[in-house]
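Printed here is coords.cif (mmCIF, C-alpha atoms and all ligand atoms):
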```cif
data_query
loop_
_atom_site.label_atom_id
_atom_site.label_comp_id
_atom_site.auth_asym_id
_atom_site.auth_seq_id
_atom_site.Cartn_x
_atom_site.Cartn_y
_atom_site.Cartn_z
CA MET A 1 38.34 -22.97 -5.72
CA LYS A 2 35.48 -21.45 -7.67
CA ILE A 3 33.91 -18.57 -5.74
CA THR A 4 30.14 -18.53 -6.24
CA SER A 5 29.01 -16.03 -3.64
CA MET A 6 30.42 -12.72 -2.45
CA ALA A 7 27.41 -11.12 -0.76
CA ALA A 8 27.02 -10.75 3.01
CA PHE A 9 23.59 -12.24 3.65
CA ASN A 10 23.43 -11.28 7.33
CA GLY A 11 20.60 -13.68 8.07
CA ARG A 12 18.42 -12.44 5.23
CA ASP A 13 16.54 -15.05 3.24
CA ILE A 14 16.68 -13.81 -0.35
CA PRO A 15 14.80 -16.09 -2.78
CA GLU A 16 16.30 -16.96 -6.18
CA ARG A 17 13.32 -15.55 -7.97
CA ASP A 18 10.41 -13.43 -6.81
CA ARG A 19 7.18 -15.49 -7.12
CA ASN A 20 5.39 -12.41 -8.44
CA PHE A 21 7.80 -11.99 -11.31
CA THR A 22 7.34 -15.62 -12.29
CA ALA A 23 3.56 -15.14 -12.44
CA VAL A 24 3.90 -11.86 -14.37
CA GLY A 25 6.40 -13.49 -16.78
CA ASN A 26 4.06 -16.44 -17.41
CA ALA A 27 1.18 -14.07 -18.18
CA LYS A 28 3.32 -12.08 -20.62
CA ALA A 29 4.48 -15.25 -22.38
CA ALA A 30 0.86 -16.41 -22.78
CA ILE A 31 -0.16 -13.01 -24.20
CA ALA A 32 2.75 -13.10 -26.68
CA LYS A 33 1.62 -16.53 -27.85
CA LYS A 34 -2.18 -16.22 -27.82
CA GLY A 35 -2.96 -12.49 -27.78
CA LYS A 36 -4.46 -10.16 -25.15
CA GLU A 37 -8.04 -11.28 -25.70
CA ALA A 38 -7.40 -14.94 -24.93
CA VAL A 39 -5.62 -14.30 -21.64
CA VAL A 40 -6.69 -12.95 -18.22
CA ASN A 41 -3.67 -11.18 -16.79
CA ALA A 42 -4.75 -10.26 -13.26
CA THR A 43 -1.19 -10.16 -11.93
CA VAL A 44 -0.38 -6.47 -12.30
CA GLY A 45 -0.53 -4.01 -9.40
CA ALA A 46 -1.41 -0.97 -11.51
CA LEU A 47 -4.67 0.33 -12.96
CA TYR A 48 -5.41 -0.68 -16.56
CA ASP A 49 -8.37 0.33 -18.72
CA ASP A 50 -10.70 -2.22 -20.31
CA ASP A 51 -8.37 -2.56 -23.31
CA ALA A 52 -5.43 -3.46 -21.07
CA ASN A 53 -3.65 -0.08 -21.42
CA LEU A 54 -2.08 1.51 -18.36
CA VAL A 55 -4.25 4.36 -17.08
CA VAL A 56 -2.32 7.65 -16.97
CA LEU A 57 -4.25 10.73 -15.88
CA ASP A 58 -4.17 13.19 -18.82
CA SER A 59 -3.90 16.22 -16.54
CA VAL A 60 -0.86 14.69 -14.83
CA ALA A 61 0.83 13.69 -18.11
CA ARG A 62 0.26 17.17 -19.56
CA THR A 63 1.67 18.88 -16.46
CA PHE A 64 4.71 16.62 -16.66
CA ARG A 65 5.29 17.52 -20.30
CA GLU A 66 5.10 21.22 -19.48
CA LEU A 67 7.89 21.07 -16.88
CA SER A 68 11.01 23.11 -17.53
CA GLY A 69 14.49 21.60 -17.47
CA THR A 70 15.18 23.07 -14.04
CA ASP A 71 11.97 21.52 -12.70
CA PHE A 72 13.55 18.11 -12.91
CA ALA A 73 17.26 18.79 -13.21
CA GLU A 74 17.68 20.63 -9.94
CA TYR A 75 18.01 18.70 -6.68
CA ALA A 76 14.99 18.90 -4.40
CA PRO A 77 15.54 19.56 -0.69
CA ILE A 78 15.71 16.23 1.17
CA ALA A 79 12.38 16.74 2.96
CA GLY A 80 10.72 17.89 -0.29
CA THR A 81 10.25 21.23 -2.04
CA PRO A 82 8.22 23.77 -0.03
CA GLY A 83 5.48 23.73 -2.70
CA PHE A 84 5.26 19.92 -2.65
CA ARG A 85 5.15 19.80 1.15
CA GLU A 86 2.21 22.20 1.17
CA ALA A 87 0.43 20.35 -1.65
CA VAL A 88 0.94 16.85 -0.26
CA ARG A 89 -0.45 17.92 3.09
CA LYS A 90 -3.68 18.92 1.32
CA ALA A 91 -3.67 15.75 -0.76
CA ALA A 92 -3.14 13.47 2.23
CA PHE A 93 -5.53 15.12 4.69
CA GLY A 94 -8.19 16.34 2.23
CA SER A 95 -10.60 18.69 3.99
CA TYR A 96 -9.49 17.49 7.45
CA GLU A 97 -7.35 19.95 9.40
CA PRO A 98 -5.19 18.04 11.93
CA LYS A 99 -4.94 19.30 15.51
CA SER A 100 -1.56 17.63 15.98
CA TYR A 101 1.80 18.99 14.80
CA VAL A 102 2.43 17.73 11.30
CA GLY A 103 5.92 16.66 10.19
CA ILE A 104 6.48 15.93 6.49
CA VAL A 105 9.34 14.26 4.62
CA ALA A 106 9.28 13.43 0.90
CA THR A 107 10.26 9.89 -0.11
CA PRO A 108 10.67 8.04 -3.42
CA GLY A 109 7.36 6.16 -3.24
CA GLY A 110 5.40 4.84 -0.31
CA THR A 111 7.97 2.05 -0.03
CA GLY A 112 10.51 4.69 0.99
CA SER A 113 8.15 6.11 3.62
CA ILE A 114 7.68 2.69 5.16
CA SER A 115 11.36 1.72 5.23
CA ASN A 116 12.26 5.14 6.60
CA ALA A 117 9.69 4.95 9.42
CA VAL A 118 10.68 1.37 10.28
CA ASP A 119 14.33 2.40 10.38
CA ASN A 120 13.81 5.40 12.63
CA TYR A 121 11.20 4.11 15.05
CA SER A 122 12.32 0.57 15.83
CA CYS A 123 15.55 -1.01 17.07
CA PRO A 124 17.70 -3.80 15.59
CA GLY A 125 16.18 -7.14 16.61
CA ASP A 126 12.69 -5.68 17.09
CA ARG A 127 9.60 -7.28 15.71
CA ILE A 128 7.35 -5.13 13.50
CA LEU A 129 3.64 -5.85 13.80
CA THR A 130 1.25 -6.10 10.87
CA HIS A 131 -1.82 -8.12 9.82
CA ASN A 132 -1.37 -11.67 8.48
CA TRP A 133 -2.55 -10.63 4.99
CA TYR A 134 0.15 -8.17 4.06
CA TRP A 135 2.18 -6.70 1.23
CA GLY A 136 5.37 -8.83 0.92
CA PRO A 137 7.91 -5.97 1.02
CA TYR A 138 7.03 -5.28 4.70
CA GLY A 139 8.90 -8.47 5.56
CA ASN A 140 11.84 -7.54 3.31
CA ILE A 141 12.09 -4.06 4.82
CA ALA A 142 12.19 -5.55 8.31
CA SER A 143 14.81 -8.20 7.48
CA GLU A 144 16.94 -5.75 5.52
CA GLN A 145 17.23 -3.74 8.73
CA GLY A 146 17.93 -6.69 11.04
CA LYS A 147 14.34 -6.79 12.28
CA SER A 148 11.49 -9.22 11.67
CA LEU A 149 7.76 -9.30 11.17
CA GLU A 150 5.11 -10.51 13.60
CA THR A 151 1.53 -10.79 12.39
CA PHE A 152 -1.87 -10.72 14.04
CA GLU A 153 -4.84 -12.51 12.51
CA MET A 154 -6.54 -9.85 10.44
CA PHE A 155 -10.01 -11.42 10.69
CA ASP A 156 -11.83 -13.46 13.31
CA GLU A 157 -14.05 -16.44 12.50
CA GLU A 158 -16.97 -14.16 11.64
CA GLY A 159 -14.79 -12.22 9.18
CA ARG A 160 -14.54 -9.15 11.43
CA PHE A 161 -11.32 -7.21 11.92
CA ASN A 162 -9.64 -9.06 14.77
CA ILE A 163 -9.10 -6.48 17.50
CA ALA A 164 -8.63 -9.19 20.14
CA ASP A 165 -5.62 -10.67 18.35
CA PHE A 166 -4.28 -7.18 17.58
CA GLU A 167 -4.48 -6.37 21.31
CA TYR A 168 -2.83 -9.65 22.27
CA LYS A 169 0.11 -9.14 19.87
CA VAL A 170 0.60 -5.49 20.86
CA SER A 171 0.86 -6.39 24.53
CA LYS A 172 2.98 -9.47 23.82
CA LEU A 173 5.56 -7.51 21.82
CA LEU A 174 5.65 -4.61 24.23
CA ARG A 175 6.60 -6.97 27.04
CA ASN A 176 10.04 -7.30 25.38
CA GLN A 177 10.39 -4.12 23.30
CA GLU A 178 10.59 -0.45 24.23
CA HIS A 179 9.58 0.61 20.72
CA LEU A 180 6.91 -0.94 18.56
CA VAL A 181 6.19 -0.14 14.91
CA ILE A 182 2.78 -1.26 13.68
CA ILE A 183 1.83 -1.20 9.99
CA LEU A 184 -1.84 -1.08 9.04
CA ASN A 185 -2.52 -1.08 5.31
CA THR A 186 -5.85 0.69 4.94
CA PRO A 187 -8.06 1.72 3.20
CA ALA A 188 -8.21 -0.96 0.49
CA SER A 189 -5.38 -3.21 1.61
CA ASN A 190 -3.10 -5.13 -0.70
CA PRO A 191 -3.89 -8.04 -1.10
CA THR A 192 -7.38 -8.16 0.47
CA GLY A 193 -9.10 -4.90 -0.47
CA TYR A 194 -10.24 -4.56 3.16
CA SER A 195 -10.64 -1.10 4.74
CA LEU A 196 -10.86 -0.66 8.49
CA SER A 197 -14.35 0.53 9.52
CA MET A 198 -14.80 3.30 12.08
CA ASP A 199 -15.58 0.62 14.68
CA ASP A 200 -12.30 -1.11 13.81
CA TRP A 201 -10.52 2.22 14.30
CA TYR A 202 -12.17 2.77 17.70
CA GLY A 203 -10.94 -0.71 18.61
CA VAL A 204 -7.38 0.17 17.52
CA LYS A 205 -7.58 3.38 19.56
CA ARG A 206 -8.82 1.53 22.66
CA VAL A 207 -5.86 -0.87 22.42
CA LEU A 208 -3.32 1.92 21.88
CA ASP A 209 -4.84 4.00 24.70
CA GLY A 210 -4.04 1.08 26.96
CA VAL A 211 -0.31 0.99 26.13
CA ASP A 212 2.02 1.81 29.03
CA LEU A 213 3.09 5.47 28.66
CA GLU A 214 6.74 4.46 28.99
CA LYS A 215 6.56 2.53 25.70
CA LYS A 216 6.80 4.18 22.29
CA VAL A 217 4.53 3.05 19.49
CA THR A 218 4.66 4.21 15.86
CA LEU A 219 1.54 3.48 13.88
CA ILE A 220 2.28 3.48 10.15
CA ILE A 221 -0.86 3.80 8.07
CA ASP A 222 0.08 2.59 4.63
CA ALA A 223 -2.49 4.53 2.62
CA ALA A 224 -1.12 3.64 -0.83
CA TYR A 225 -4.63 2.94 -2.23
CA ILE A 226 -6.63 5.60 -0.34
CA ASP A 227 -7.67 7.63 -3.36
CA PHE A 228 -9.10 4.62 -5.14
CA ALA A 229 -10.96 3.32 -2.09
CA GLY A 230 -14.08 5.52 -2.18
CA GLU A 231 -15.22 9.15 -1.75
CA MET A 232 -12.31 11.39 -0.72
CA ASP A 233 -13.81 12.50 2.60
CA GLU A 234 -15.31 9.15 3.52
CA VAL A 235 -12.02 7.30 3.13
CA ARG A 236 -10.37 9.90 5.38
CA ALA A 237 -12.97 9.60 8.17
CA PHE A 238 -10.42 7.79 10.38
CA LEU A 239 -8.12 10.82 10.55
CA PRO A 240 -9.75 12.38 13.68
CA VAL A 241 -9.20 9.06 15.50
CA ILE A 242 -5.45 8.94 14.84
CA ASP A 243 -5.25 12.68 15.50
CA ASN A 244 -6.43 12.02 19.04
CA LEU A 245 -4.10 9.31 20.36
CA ARG A 246 -1.87 9.64 23.40
CA GLY A 247 1.55 11.28 23.24
CA ASN A 248 3.46 7.97 23.21
CA ILE A 249 1.76 6.92 19.99
CA LEU A 250 3.05 8.47 16.76
CA PRO A 251 0.82 8.02 13.71
CA VAL A 252 2.72 8.21 10.41
CA ILE A 253 0.83 8.21 7.13
CA ALA A 254 2.70 6.76 4.16
CA TYR A 255 1.00 8.69 1.36
CA SER A 256 2.03 7.63 -2.12
CA ALA A 257 1.60 9.46 -5.43
CA SER A 258 2.08 6.18 -7.34
CA LYS A 259 -1.60 5.31 -7.59
CA THR A 260 -3.24 8.63 -6.68
CA PHE A 261 -1.55 10.52 -9.51
CA THR A 262 -0.72 7.49 -11.71
CA MET A 263 2.98 8.17 -11.21
CA TYR A 264 4.20 4.68 -10.28
CA GLY A 265 7.56 5.07 -11.98
CA ALA A 266 8.16 8.68 -11.01
CA ARG A 267 8.80 7.65 -7.39
CA CYS A 268 7.00 10.24 -5.32
CA ALA A 269 5.42 10.09 -1.87
CA ALA A 270 5.55 11.66 1.54
CA MET A 271 5.52 10.44 5.10
CA LEU A 272 3.42 12.64 7.36
CA CYS A 273 3.38 12.35 11.15
CA LEU A 274 0.79 13.64 13.59
CA ALA A 275 2.79 14.55 16.69
CA HIS A 276 1.67 15.73 20.12
CA THR A 277 4.45 18.27 20.43
CA PRO A 278 6.38 20.48 18.00
CA GLU A 279 9.58 18.82 19.25
CA VAL A 280 8.42 15.36 18.16
CA ALA A 281 7.35 16.71 14.74
CA ALA A 282 10.71 18.46 14.29
CA GLU A 283 12.59 15.34 15.39
CA PHE A 284 10.55 13.31 12.85
CA GLU A 285 11.70 15.59 10.03
CA LYS A 286 15.27 15.48 11.32
CA VAL A 287 15.62 11.71 11.68
CA CYS A 288 13.66 10.86 8.53
CA SER A 289 15.72 13.34 6.49
CA PHE A 290 18.87 11.76 7.91
CA PHE A 291 17.82 8.25 6.83
CA ALA A 292 16.82 9.60 3.39
CA ARG A 293 20.26 11.20 3.00
CA THR A 294 21.93 7.83 3.49
CA ALA A 295 19.48 5.67 1.51
CA TRP A 296 18.55 7.71 -1.59
CA SER A 297 19.43 11.30 -0.68
CA ASN A 298 16.80 13.56 -2.20
CA SER A 299 13.64 12.35 -3.90
CA PRO A 300 12.87 13.18 -7.56
CA ARG A 301 11.95 16.81 -8.05
CA ALA A 302 9.82 16.49 -11.21
CA PRO A 303 6.80 14.69 -9.68
CA GLN A 304 6.92 17.00 -6.66
CA THR A 305 6.68 19.98 -8.99
CA VAL A 306 3.79 18.38 -10.88
CA ILE A 307 1.83 17.90 -7.65
CA GLU A 308 2.66 21.44 -6.53
CA LYS A 309 1.37 22.80 -9.87
CA ILE A 310 -1.84 20.74 -9.62
CA TYR A 311 -2.60 22.02 -6.13
CA SER A 312 -1.84 25.63 -6.95
CA ASP A 313 -4.30 25.73 -9.88
CA PRO A 314 -7.93 25.05 -8.82
CA GLU A 315 -9.03 24.24 -12.37
CA LEU A 316 -6.22 21.77 -12.89
CA LEU A 317 -6.91 20.21 -9.48
CA LYS A 318 -10.57 19.78 -10.40
CA GLU A 319 -9.58 18.18 -13.69
CA THR A 320 -7.26 15.74 -11.91
CA ASP A 321 -9.87 14.88 -9.26
CA ASP A 322 -12.58 14.39 -11.91
CA GLU A 323 -10.36 12.15 -14.01
CA ARG A 324 -9.40 10.07 -10.99
CA ARG A 325 -13.04 9.77 -9.93
CA HIS A 326 -13.92 8.37 -13.35
CA TRP A 327 -11.27 5.64 -13.13
CA ARG A 328 -11.96 5.02 -9.46
CA ASP A 329 -15.62 4.35 -10.22
CA MET A 330 -14.59 1.95 -12.97
CA LEU A 331 -12.37 0.14 -10.45
CA LEU A 332 -15.06 0.05 -7.75
CA ALA A 333 -17.51 -1.42 -10.29
CA ARG A 334 -15.00 -4.16 -11.18
CA GLY A 335 -14.42 -5.02 -7.53
CA HIS A 336 -18.13 -5.24 -6.82
CA ALA A 337 -18.74 -7.28 -9.97
CA PHE A 338 -16.15 -9.79 -8.71
CA GLU A 339 -17.58 -9.75 -5.17
CA ASN A 340 -21.15 -10.31 -6.36
CA ALA A 341 -20.18 -13.07 -8.77
CA ALA A 342 -18.20 -14.77 -5.99
CA ALA A 343 -21.25 -14.62 -3.69
CA GLU A 344 -23.46 -16.04 -6.45
CA CYS A 345 -21.27 -19.06 -7.14
CA GLY A 346 -20.26 -19.56 -3.48
CA LEU A 347 -16.55 -18.74 -3.90
CA GLU A 348 -15.07 -17.66 -0.57
CA ILE A 349 -13.11 -14.39 -0.66
CA VAL A 350 -11.22 -12.56 2.08
CA PRO A 351 -13.39 -9.63 3.37
CA PHE A 352 -13.25 -6.99 0.63
CA ARG A 353 -14.34 -3.36 0.51
CA ALA A 354 -12.56 -1.64 -2.39
CA GLY A 355 -9.31 -1.15 -4.24
CA PHE A 356 -7.01 -2.88 -6.67
CA PHE A 357 -7.16 -6.45 -5.34
CA VAL A 358 -9.39 -9.27 -4.14
CA THR A 359 -7.96 -12.37 -2.45
CA ILE A 360 -9.24 -15.93 -2.42
CA PRO A 361 -8.05 -17.98 0.55
CA TYR A 362 -6.56 -21.31 -0.55
CA LYS A 363 -4.28 -23.82 1.18
CA ASP A 364 -1.95 -24.43 -1.79
CA PRO A 365 -1.65 -21.14 -3.71
CA ASP A 366 1.00 -22.41 -6.16
CA ALA A 367 -1.13 -25.41 -7.18
CA LEU A 368 -4.11 -23.14 -7.86
CA ILE A 369 -1.95 -20.65 -9.78
CA ASN A 370 -0.60 -23.47 -11.97
CA ALA A 371 -4.03 -24.94 -12.64
CA LEU A 372 -5.45 -21.54 -13.56
CA GLY A 373 -2.41 -20.81 -15.73
CA LYS A 374 -3.40 -23.81 -17.88
CA LYS A 375 -6.71 -21.98 -18.49
CA ASP A 376 -4.80 -18.79 -19.41
CA ILE A 377 -5.76 -17.07 -16.15
CA PHE A 378 -2.83 -15.53 -14.33
CA LEU A 379 -2.99 -14.49 -10.68
CA ILE A 380 -0.43 -13.82 -7.96
CA PRO A 381 0.21 -16.33 -5.14
CA VAL A 382 0.25 -14.84 -1.63
CA ASN A 383 0.64 -16.57 1.74
CA GLY A 384 -2.61 -18.44 2.28
CA GLY A 385 -4.30 -17.58 -0.99
CA VAL A 386 -4.25 -16.12 -4.47
CA ARG A 387 -4.60 -12.45 -5.37
CA VAL A 388 -6.69 -11.19 -8.25
CA SER A 389 -5.88 -7.72 -9.56
CA VAL A 390 -9.27 -6.27 -10.46
CA ALA A 391 -7.28 -3.14 -11.35
CA ALA A 392 -5.88 -4.98 -14.35
CA VAL A 393 -8.91 -6.66 -15.95
CA ALA A 394 -12.21 -5.46 -17.41
CA GLU A 395 -15.51 -5.77 -15.53
CA ASP A 396 -16.83 -8.63 -17.70
CA LYS A 397 -13.74 -10.67 -16.86
CA CYS A 398 -14.17 -9.81 -13.16
CA ARG A 399 -17.71 -11.16 -13.37
CA MET A 400 -16.62 -14.37 -15.09
CA LEU A 401 -13.53 -15.19 -12.99
CA PRO A 402 -15.07 -16.37 -9.67
CA ALA A 403 -16.93 -19.29 -11.28
CA VAL A 404 -13.76 -20.45 -13.09
CA ILE A 405 -11.70 -20.18 -9.90
CA LYS A 406 -14.37 -22.07 -7.97
CA GLU A 407 -14.47 -24.80 -10.62
CA THR A 408 -10.65 -25.05 -10.66
CA ILE A 409 -10.55 -25.41 -6.87
CA ALA A 410 -13.10 -28.23 -7.16
CA GLU A 411 -10.95 -29.94 -9.83
CA LEU A 412 -7.94 -29.77 -7.53
CA GLY A 413 -10.00 -31.64 -4.92
C1 LIG B 501 0.43 -2.07 0.15
C2 LIG B 501 1.36 -1.21 -0.60
N1 LIG B 501 2.03 -0.27 0.08
C3 LIG B 501 2.89 0.55 -0.52
C4 LIG B 501 3.11 0.46 -1.86
C5 LIG B 501 4.12 1.43 -2.36
O1 LIG B 501 4.19 1.74 -3.64
P1 LIG B 501 5.15 2.91 -4.11
O2 LIG B 501 6.48 2.70 -3.47
O3 LIG B 501 5.17 2.79 -5.57
O4 LIG B 501 4.51 4.18 -3.65
C6 LIG B 501 2.45 -0.51 -2.64
C7 LIG B 501 2.71 -0.67 -4.07
O5 LIG B 501 2.43 -1.63 -4.70
C8 LIG B 501 1.56 -1.36 -1.98
O6 LIG B 501 0.88 -2.32 -2.63
#
```
Rewritten as structure tokens:
Amino acid sequence: MKITSMAAFNGRDIPERDRNFTAVGNAKAAIAKKGKEAVVNATVGALYDDDANLVVLDSVARTFRELSGTDFAEYAPIAGTPGFREAVRKAAFGSYEPKSYVGIVATPGGTGSISNAVDNYSCPGDRILTHNWYWGPYGNIASEQGKSLETFEMFDEEGRFNIADFEYKVSKLLRNQEHLVIILNTPASNPTGYSLSMDDWYGVKRVLDGVDLEKKVTLIIDAAYIDFAGEMDEVRAFLPVIDNLRGNILPVIAYSASKTFTMYGARCAAMLCLAHTPEVAAEFEKVCSFFARTAWSNSPRAPQTVIEKIYSDPELLKETDDERRHWRDMLLARGHAFENAAAECGLEIVPFRAGFFVTIPYKDPDALINALGKKDIFLIPVNGGVRVSVAAVAEDKCRMLPAVIKETIAELG
């Protein structure tokens, strides 16, 4: 007998090939054949300049190059180096000083923060709640841990954040679960580019204030795109709301250095909780360090040291902030160019505010991706639509794309 499988699948549905990689591969093949200029590659989830080169902040690259051998060779403490922990607190909260007790654990990327929080704050068999437009790995993280995803409709018929469905799903799940982990990807969600408004946040707070005090809710705010979503203080305006929830609700911010410091491959992030008591904050650091020890042990030291150096040198910090602002404004201009052009030609988009991506709702995403591929336009299929990475293409292409997408949808009938 020929053995063709050895893995224990444990109920996980693992596809042969990731749809994203297929789309990325097709775009690369088209570029190899026809050249960069002839192709729109809006598949990539990283920021590229107008000449299709990856943006790397100079101040960050320089600080990396100046590291000593020990700065990257030595193990970092599991929860992060003391200097990184101090720096990442400032980076995540900006000028806001939390009233709650803050617990911090370093992780290799925001992905690590999310899987760690899901592991520690939900039980096997639980359902994890997120919005119906979501980043695919949430589902993988849940299934990898013997859990599953439940979604609420992110928008109502008027295109407003759907608090009613959020409330319904929270109460439905808490009828059967003692713990509930909720993931909200804001500001500038992947794939929609939506950011919760202050009114949306007051709605979230009203729902969470109504949760039975016996139940334990962990609210993960996946803030991967926060520093490209708008002015630093404005995009952090929600912090006082999550800093003022009841004791049975634990907000956890998944704060990633991937985009903020253009360090995607360096794998650096932190999870930061806002706890009502010092005991809950200490327990957070204990349980999250324990999971880290078993999953990846310590996180890379080099990027932690870079961030520590940036935050301990006001001039360097200013340089980094100024550089990021320049690229952020370029990104915001691209997003708005796409949004305006879509409005002009009547192409429907999912409510968008800022960030790396815009999504077009469409019933058969693969058909649309294929048809656009024939026109050398490469996008990513998501459930219920197609995602355009405005982070990856120049503003003139962002302005031109909506009409072509609209025309292609019409051709598909
Ligand atoms: C919504 C969202 N959350 C989290 C991440 C985490 O990225 P990383 O693990 O590189 O920090 C990403 C990256 O693409 C993302 O799109």
In Å, with one decimal, what is the gap from atom CA of Ala354 of chain A to atom CA of Tyr168 of chain A?
->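 Computing it gives 27.7 Å between the two atoms.
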How close does chain A get to ligand LIG 501 (chain B)? List, as a tab-separated table, each residue of chain A within 6 Å, its nearest atom pair and the distance in Å to one decimal, counting all atoms listed in the file.
```
residue	atom	partner	partner_atom	distance
A:Gly109	CA	B:LIG501	O4	3.5
A:Gly110	CA	B:LIG501	O4	3.5
A:Thr111	CA	B:LIG501	O2	3.8
A:Trp135	CA	B:LIG501	C1	5.1
A:Asn190	CA	B:LIG501	C1	4.7
A:Asp222	CA	B:LIG501	N1	5.7
A:Ala224	CA	B:LIG501	C3	5.1
A:Ser256	CA	B:LIG501	O4	4.5
A:Ser258	CA	B:LIG501	O4	4.8
A:Tyr264	CA	B:LIG501	O3	5.2
```
If you measure from atom CA of Gly25 of chain A to atom CA of Thr4 of chain A, what distance in Å do you get, rounded to one decimal?
->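 Separation of atom CA of Gly25 of chain A and atom CA of Thr4 of chain A: 26.5 Å.
Note that the spacing between atom CA of Leu57 of chain A and atom CA of Val388 of chain A amounts to 23.3 Å.
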Per residue of segment 143-257 of chain A within 12 Å of segment 85-91 of chain A, which atom pair is closest and at what distance in Å (one decimal), using all atoms listed in the file, listed by chain and increasing number, as JSON lines?
```
{"residue": "A:Ala223", "atom": "CA", "partner": "A:Ala91", "partner_atom": "CA", "distance": 11.8}
{"residue": "A:Ile226", "atom": "CA", "partner": "A:Ala91", "partner_atom": "CA", "distance": 10.6}
{"residue": "A:Asp227", "atom": "CA", "partner": "A:Ala91", "partner_atom": "CA", "distance": 9.4}
{"residue": "A:Met232", "atom": "CA", "partner": "A:Ala91", "partner_atom": "CA", "distance": 9.7}
{"residue": "A:Asp233", "atom": "CA", "partner": "A:Ala91", "partner_atom": "CA", "distance": 11.2}
{"residue": "A:Arg236", "atom": "CA", "partner": "A:Ala91", "partner_atom": "CA", "distance": 10.8}
{"residue": "A:Ile253", "atom": "CA", "partner": "A:Arg89", "partner_atom": "CA", "distance": 10.6}
{"residue": "A:Ala254", "atom": "CA", "partner": "A:Val88", "partner_atom": "CA", "distance": 11.2}
{"residue": "A:Tyr255", "atom": "CA", "partner": "A:Val88", "partner_atom": "CA", "distance": 8.3}
{"residue": "A:Ser256", "atom": "CA", "partner": "A:Val88", "partner_atom": "CA", "distance": 9.5}
{"residue": "A:Ala257", "atom": "CA", "partner": "A:Val88", "partner_atom": "CA", "distance": 9.0}
```
Go through A:Lys363, A:Lys172, A:Lys286, A:Arg267 one by one, measure the shortest atom-to-atom distance of each to Ile409 of chain A using only C-alpha atoms, and give the residue with the smallest value.
->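 The answer is A:Lys363, which sits nearest to Ile409 of chain A.
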Near Phe64 of chain A, counting only C-alpha atoms, which residues have an atom at most 12 Å away, once you skip same-chain residues fewer than 4 positions from it, shown as JSON, numbers by chain?
-> {"A": [56, 57, 58, 59, 60, 68, 69, 71, 72, 261, 262, 263, 266, 301, 302, 303, 304, 305, 306, 307, 308, 309, 310]}
Within 8 Å of Met400 of chain A, counting all atoms listed in the file, which residues show up once you throw out same-chain ones fewer than 3 positions away? Write them as an NGL selection string, please.
-> :A and (338 or 341 or 396-397 or 403-404)
